[in-house]
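Engineer: Please see the structure below; I have some questions.
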Amino acid sequence: MKIALINGSPKPKNSISGLLLQRIERLIGTEHEVRTSVWRHASLNDDQLAEVTGSDALVLVFPLYVDGIPAHQMACMDAYTRYTHPGAAKPKVYAVVNCGFYEAEHTELALKLVAFWAKRNGFSWGSGLGIGAGGALSVGRTPEGQFTGSNAPVEKALIAFTENLLKMETGPDVFVTPAMPAWIYKKAAHFNWRRSIKAHGLKTSDLARKLPLPDKDL
Amino acid sequence: MKLIIHDLDQDTLSRVLLPGAEDRVVQATTGKRHCIGCFECWTKHPGECIFQDRYHGLPAIMGHVEEILIISRLWYGSYSPEVKLLMDRSIGVVQPDFVEREGRMHHKLRYTNQPKLTVWFYDDQGDIEEQTLARDLVRRNMLNFTTAEWSANFVGSAQELAGVL
């Protein structure tokens with residue numbers, strides 16, 4: 001079975017999507033032909049497109065951007081559909097979306113958008129996995145990338161997702177959030193934003209800074 | 001004052017819309033820098049995108065207008081990639097801190113203007129499923145940016161916008 005794993009995060013390093021993709025790749029194992037690709041920019045060259053076309057399954061792993069798909073990945077999805085020969089085999093499409101909000105259900109629409117894109121282009125839809133509290137996933141992993149501790153529910157969901165993928169099954173979208181109370185996640189996030197803004201030489205109050213209306217001529 | 005974000009060519013725009021003197025008109029085109037998830041619009045230059053191109057002040061404009069009018073090609077139930085790029089680069093309009101609205105976590109607002117959000121999608125093929133997705137997207141954007149009221153509207157082609165805007 002040929003599987004194309006796409007990391008749709010624009011971040012060059014330390015992306016949650018990258019961690020999730022690595023884990024899925026490890027869970028798939030070595031019995032299958034896996035090709036991974038990073039879609040960091042809004043265009044893909046022919047080599048990048050050739051690498052991921054012709055697969056049995058296409059797995060898009062990406063962060064939620066303003067309730068939807070990151071713009072650069074949308075452009076890449078267009079490039080992918082343009083490149084795919086009309087007579088070529090159509091992949092089954094799967095998606096994993098993570099968001100910074102606590103509730104995984106924020107990702108619901110983004111998964112539906114990918115499913116609709118797949119349907120419109122004659123690809124079949126497999127299933128989606130939506131993950132909340134994405135900021136919590138950068139800690140709590142084993143050296144093999146297994147999500148542990150409060151992130152164990154995400155590990156369990158990734159295992160089930162990968163099993164469905166390897167069986168090429170179609171199923172309902174699943175939503176999962178690490179096992180921690182929302183208030184703890186919120187407190188940790190607020191702490192990190194304050195540490196980050198101070199690292200840039202600003203004050204905590206600058207998080208709420210209001211800017212004047214810019215000049216007419218931007 | 002309105003912020004008008006569109007992905008039309010200038011000729012088409014001039015035929016379908018006459019902006020007010022104070023309105024800010026921003027054309028979404030291909031080849032622009034996309035959001036890279038650096039969050040420096042929250043922690044290094046709060047309220048503006050780090051990229052110093054013509055889009056970097058968009059969040060601040062959003063914070064001062066009475067209406068945001070978006071004109072976009074319908075892309076599989078979403079804004080076009082060009083318009084979505086502008087939306088992605090506008091998250092500086094909110095703060096990173098979280099608050100709860102309608103039972104879910106959202107970002108705290110940076111400004112208090114609560115603009116009306118009006119979206120016109122063109123190239124609509126009349127697919128109810130696609131229209132439902134697009135409406136849901138605009139509704140979710142409304143919740144995140146806490147606009148006062150919103151609407152998602154559909155026409156078959158950009159030319160049909162002439163009679164409705």
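Residue names in the structure tokens use chain letters A, B, ... in the order shown, residue numbers from 1 in each chain, and ligand numbers from 1 in the order shown.
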Give me, as a count of residues only, the contact residues of chain B against chain A at a cut-off of 7 Å, counting only C-alpha atoms.

Structural biologist: 31

Engineer: Fewer than 2 positions away in the same chain doesn't count, so skip those; otherwise give me all residues within 8 Å of segment 10-17 of chain B, counting only C-alpha atoms, as a list in words.

Structural biologist: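 Result of the neighbour search: Leu8, Pro19, Ala158, Gln159, Leu161, Ala162, Gly163 and Leu165 of chain B.
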
Engineer: Save the residues we just selected, N, CA and C atoms, as an mmCIF file, in the first residue's frame?

Structural biologist:
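Generated file (again23.cif):
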```
data_model
loop_
_atom_site.group_PDB
_atom_site.id
_atom_site.type_symbol
_atom_site.label_atom_id
_atom_site.label_comp_id
_atom_site.auth_asym_id
_atom_site.auth_seq_id
_atom_site.Cartn_x
_atom_site.Cartn_y
_atom_site.Cartn_z
ATOM 1 N N LEU B 8 -11.006 40.104 -6.736
ATOM 2 C CA LEU B 8 -11.380 40.430 -8.118
ATOM 3 C C LEU B 8 -10.238 41.177 -8.795
ATOM 4 N N PRO B 19 -16.467 52.000 -3.918
ATOM 5 C CA PRO B 19 -16.170 52.156 -2.487
ATOM 6 C C PRO B 19 -16.389 53.593 -2.030
ATOM 7 N N ALA B 158 -18.868 36.653 -10.711
ATOM 8 C CA ALA B 158 -18.465 37.958 -10.208
ATOM 9 C C ALA B 158 -19.292 39.080 -10.834
ATOM 10 N N GLN B 159 -19.678 38.888 -12.085
ATOM 11 C CA GLN B 159 -20.462 39.927 -12.768
ATOM 12 C C GLN B 159 -21.794 40.156 -12.084
ATOM 13 N N LEU B 161 -22.374 40.364 -9.096
ATOM 14 C CA LEU B 161 -22.236 41.191 -7.900
ATOM 15 C C LEU B 161 -22.680 42.633 -8.154
ATOM 16 N N ALA B 162 -22.661 43.015 -9.427
ATOM 17 C CA ALA B 162 -22.964 44.412 -9.775
ATOM 18 C C ALA B 162 -24.328 44.860 -9.250
ATOM 19 N N GLY B 163 -25.273 43.962 -9.266
ATOM 20 C CA GLY B 163 -26.612 44.364 -8.862
ATOM 21 C C GLY B 163 -26.907 44.219 -7.394
ATOM 22 N N LEU B 165 -24.290 44.511 -4.572
ATOM 23 C CA LEU B 165 -23.412 45.143 -3.583
ATOM 24 C C LEU B 165 -23.838 46.575 -3.274
#
```

Engineer: Apply DSSP to the backbone of this structure and, from chain B, keep only the residues in strand (DSSP E); write these as a compact mmCIF listing (two decimals) with N, CA and C atoms, in the first residue's frame.

Structural biologist:
```
# COMPACT_ATOMS: atom_id res chain seq x y z
N LYS B 2 -15.70 51.09 5.85
CA LYS B 2 -15.65 49.66 5.60
C LYS B 2 -14.22 49.23 5.24
N LEU B 3 -13.92 48.00 5.59
CA LEU B 3 -12.75 47.34 5.03
C LEU B 3 -13.28 46.37 3.98
N ILE B 4 -12.82 46.55 2.75
CA ILE B 4 -13.27 45.68 1.66
C ILE B 4 -12.10 44.80 1.23
N ILE B 5 -12.24 43.53 1.43
CA ILE B 5 -11.22 42.55 1.02
C ILE B 5 -11.81 41.78 -0.18
N HIS B 6 -11.07 41.72 -1.27
CA HIS B 6 -11.62 41.06 -2.44
C HIS B 6 -10.53 40.38 -3.25
N ARG B 24 -11.48 51.30 3.08
CA ARG B 24 -10.17 50.73 2.79
C ARG B 24 -10.37 49.50 1.91
N VAL B 25 -9.74 49.48 0.77
CA VAL B 25 -9.92 48.39 -0.18
C VAL B 25 -8.60 47.61 -0.30
N VAL B 26 -8.66 46.33 -0.04
CA VAL B 26 -7.45 45.51 -0.11
C VAL B 26 -7.69 44.36 -1.07
N GLN B 27 -6.86 44.31 -2.09
CA GLN B 27 -6.98 43.25 -3.09
C GLN B 27 -6.12 42.04 -2.69
N GLU B 67 -17.62 47.90 9.24
CA GLU B 67 -18.01 46.71 8.48
C GLU B 67 -16.81 46.13 7.76
N ILE B 68 -16.78 44.81 7.73
CA ILE B 68 -15.79 44.11 6.91
C ILE B 68 -16.58 43.43 5.79
N LEU B 69 -16.31 43.84 4.57
CA LEU B 69 -16.97 43.25 3.40
C LEU B 69 -15.95 42.39 2.67
N ILE B 70 -16.26 41.13 2.54
CA ILE B 70 -15.36 40.20 1.85
C ILE B 70 -16.03 39.72 0.56
N ILE B 71 -15.30 39.85 -0.52
CA ILE B 71 -15.78 39.34 -1.81
C ILE B 71 -14.78 38.28 -2.25
N SER B 72 -15.25 37.04 -2.35
CA SER B 72 -14.32 35.95 -2.62
C SER B 72 -14.91 34.91 -3.56
N ARG B 73 -14.04 34.38 -4.38
CA ARG B 73 -14.41 33.19 -5.13
C ARG B 73 -14.68 32.07 -4.14
N VAL B 94 -7.01 39.91 17.31
CA VAL B 94 -7.34 39.42 18.65
C VAL B 94 -6.05 39.24 19.45
N GLN B 95 -6.21 39.00 20.75
CA GLN B 95 -5.06 38.75 21.62
C GLN B 95 -4.86 37.23 21.77
N PRO B 96 -3.67 36.82 22.20
CA PRO B 96 -3.47 35.37 22.37
C PRO B 96 -4.26 34.78 23.54
N ASP B 97 -4.53 35.57 24.56
CA ASP B 97 -5.22 35.02 25.73
C ASP B 97 -6.59 34.45 25.36
N PHE B 98 -6.98 33.46 26.15
CA PHE B 98 -8.25 32.78 25.88
C PHE B 98 -9.38 33.30 26.76
N VAL B 99 -10.58 33.32 26.19
CA VAL B 99 -11.81 33.59 26.93
C VAL B 99 -12.86 32.58 26.43
N GLU B 100 -13.93 32.45 27.18
CA GLU B 100 -14.98 31.53 26.74
C GLU B 100 -16.13 32.31 26.13
N ARG B 101 -16.55 31.89 24.94
CA ARG B 101 -17.74 32.47 24.30
C ARG B 101 -18.58 31.34 23.75
N ARG B 104 -17.30 27.75 24.34
CA ARG B 104 -16.03 27.25 23.83
C ARG B 104 -14.94 28.31 23.98
N MET B 105 -13.71 27.84 23.93
CA MET B 105 -12.57 28.73 24.05
C MET B 105 -12.38 29.54 22.76
N HIS B 106 -12.16 30.84 22.95
CA HIS B 106 -11.84 31.72 21.84
C HIS B 106 -10.77 32.69 22.32
N HIS B 107 -10.27 33.54 21.40
CA HIS B 107 -9.29 34.53 21.81
C HIS B 107 -9.95 35.81 22.30
N LYS B 108 -9.29 36.44 23.25
CA LYS B 108 -9.77 37.71 23.78
C LYS B 108 -9.65 38.78 22.69
N LEU B 109 -10.61 39.68 22.64
CA LEU B 109 -10.58 40.72 21.61
C LEU B 109 -9.53 41.77 21.93
N LYS B 116 -19.61 44.73 11.48
CA LYS B 116 -20.50 43.81 10.78
C LYS B 116 -19.65 43.03 9.77
N LEU B 117 -19.92 41.75 9.62
CA LEU B 117 -19.17 40.93 8.67
C LEU B 117 -20.09 40.48 7.55
N THR B 118 -19.81 40.96 6.33
CA THR B 118 -20.63 40.61 5.18
C THR B 118 -19.75 39.91 4.15
N VAL B 119 -20.16 38.75 3.74
CA VAL B 119 -19.35 38.00 2.77
C VAL B 119 -20.19 37.68 1.54
N TRP B 120 -19.63 37.96 0.39
CA TRP B 120 -20.24 37.57 -0.89
C TRP B 120 -19.32 36.58 -1.57
N PHE B 121 -19.82 35.39 -1.78
CA PHE B 121 -19.08 34.36 -2.50
C PHE B 121 -19.58 34.34 -3.95
N TYR B 122 -18.66 34.36 -4.88
CA TYR B 122 -19.06 34.22 -6.28
C TYR B 122 -18.52 32.91 -6.85
N TRP B 150 -23.62 39.18 10.90
CA TRP B 150 -22.90 38.59 9.78
C TRP B 150 -23.88 38.07 8.74
N SER B 151 -23.39 37.92 7.53
CA SER B 151 -24.17 37.26 6.50
C SER B 151 -23.23 36.65 5.48
N ALA B 152 -23.63 35.52 4.93
CA ALA B 152 -22.90 34.88 3.85
C ALA B 152 -23.85 34.78 2.67
N ASN B 153 -23.42 35.32 1.53
CA ASN B 153 -24.30 35.44 0.36
C ASN B 153 -23.61 34.82 -0.86
N PHE B 154 -24.40 34.41 -1.82
CA PHE B 154 -23.84 33.65 -2.94
C PHE B 154 -24.38 34.16 -4.27
```

Engineer: If you count only C-alpha atoms, which residues fall within 10 Å of segment 2-7 of chain A, apart from same-chain ones fewer than 2 positions away, as a ChimeraX atom specification?

Structural biologist: /A:9-11,15-22,24-25,28,31-40,51-63,73,91-96,165-166

Engineer: What does the distance from atom CA of Asp127 of chain B to atom CA of Val164 of chain B come to in Å, to one decimal?

Structural biologist: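 Going from atom CA of Asp127 of chain B over to atom CA of Val164 of chain B covers 20.2 Å.
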
Engineer: Quick one: of B:Met142, B:Ala28, B:Leu86, B:Leu74, who's nearest to His56 of chain B, counting only C-alpha atoms?

Structural biologist: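 Result for the nearest residue to His56 of chain B: B:Leu86.
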
Engineer: Out of B:Gly156, B:Gly31, B:Gly103, B:Gly63, which residue has the shortest atom-to-atom distance to Pro115 of chain B when counting only C-alpha atoms?

Structural biologist: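 Among B:Gly156, B:Gly31, B:Gly103, B:Gly63, it is B:Gly63 that comes nearest to Pro115 of chain B.
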
Engineer: Would you please extract all helix (DSSP H, G or I) residues from segment 5-218 of chain A, as assigned by DSSP on the backbone, and give them as a ChimeraX atom specification?

Structural biologist: /A:16-28,46-52,71-83,104-120,134-138,149-166,182-199,204-208

Engineer: My list of candidates is B:Ser90, B:Leu58, B:Met1, B:Val65. Which is closest to Phe39 of chain B when distances are computed with only C-alpha atoms?

Structural biologist: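 Smallest distance to Phe39 of chain B is found for B:Ser90.
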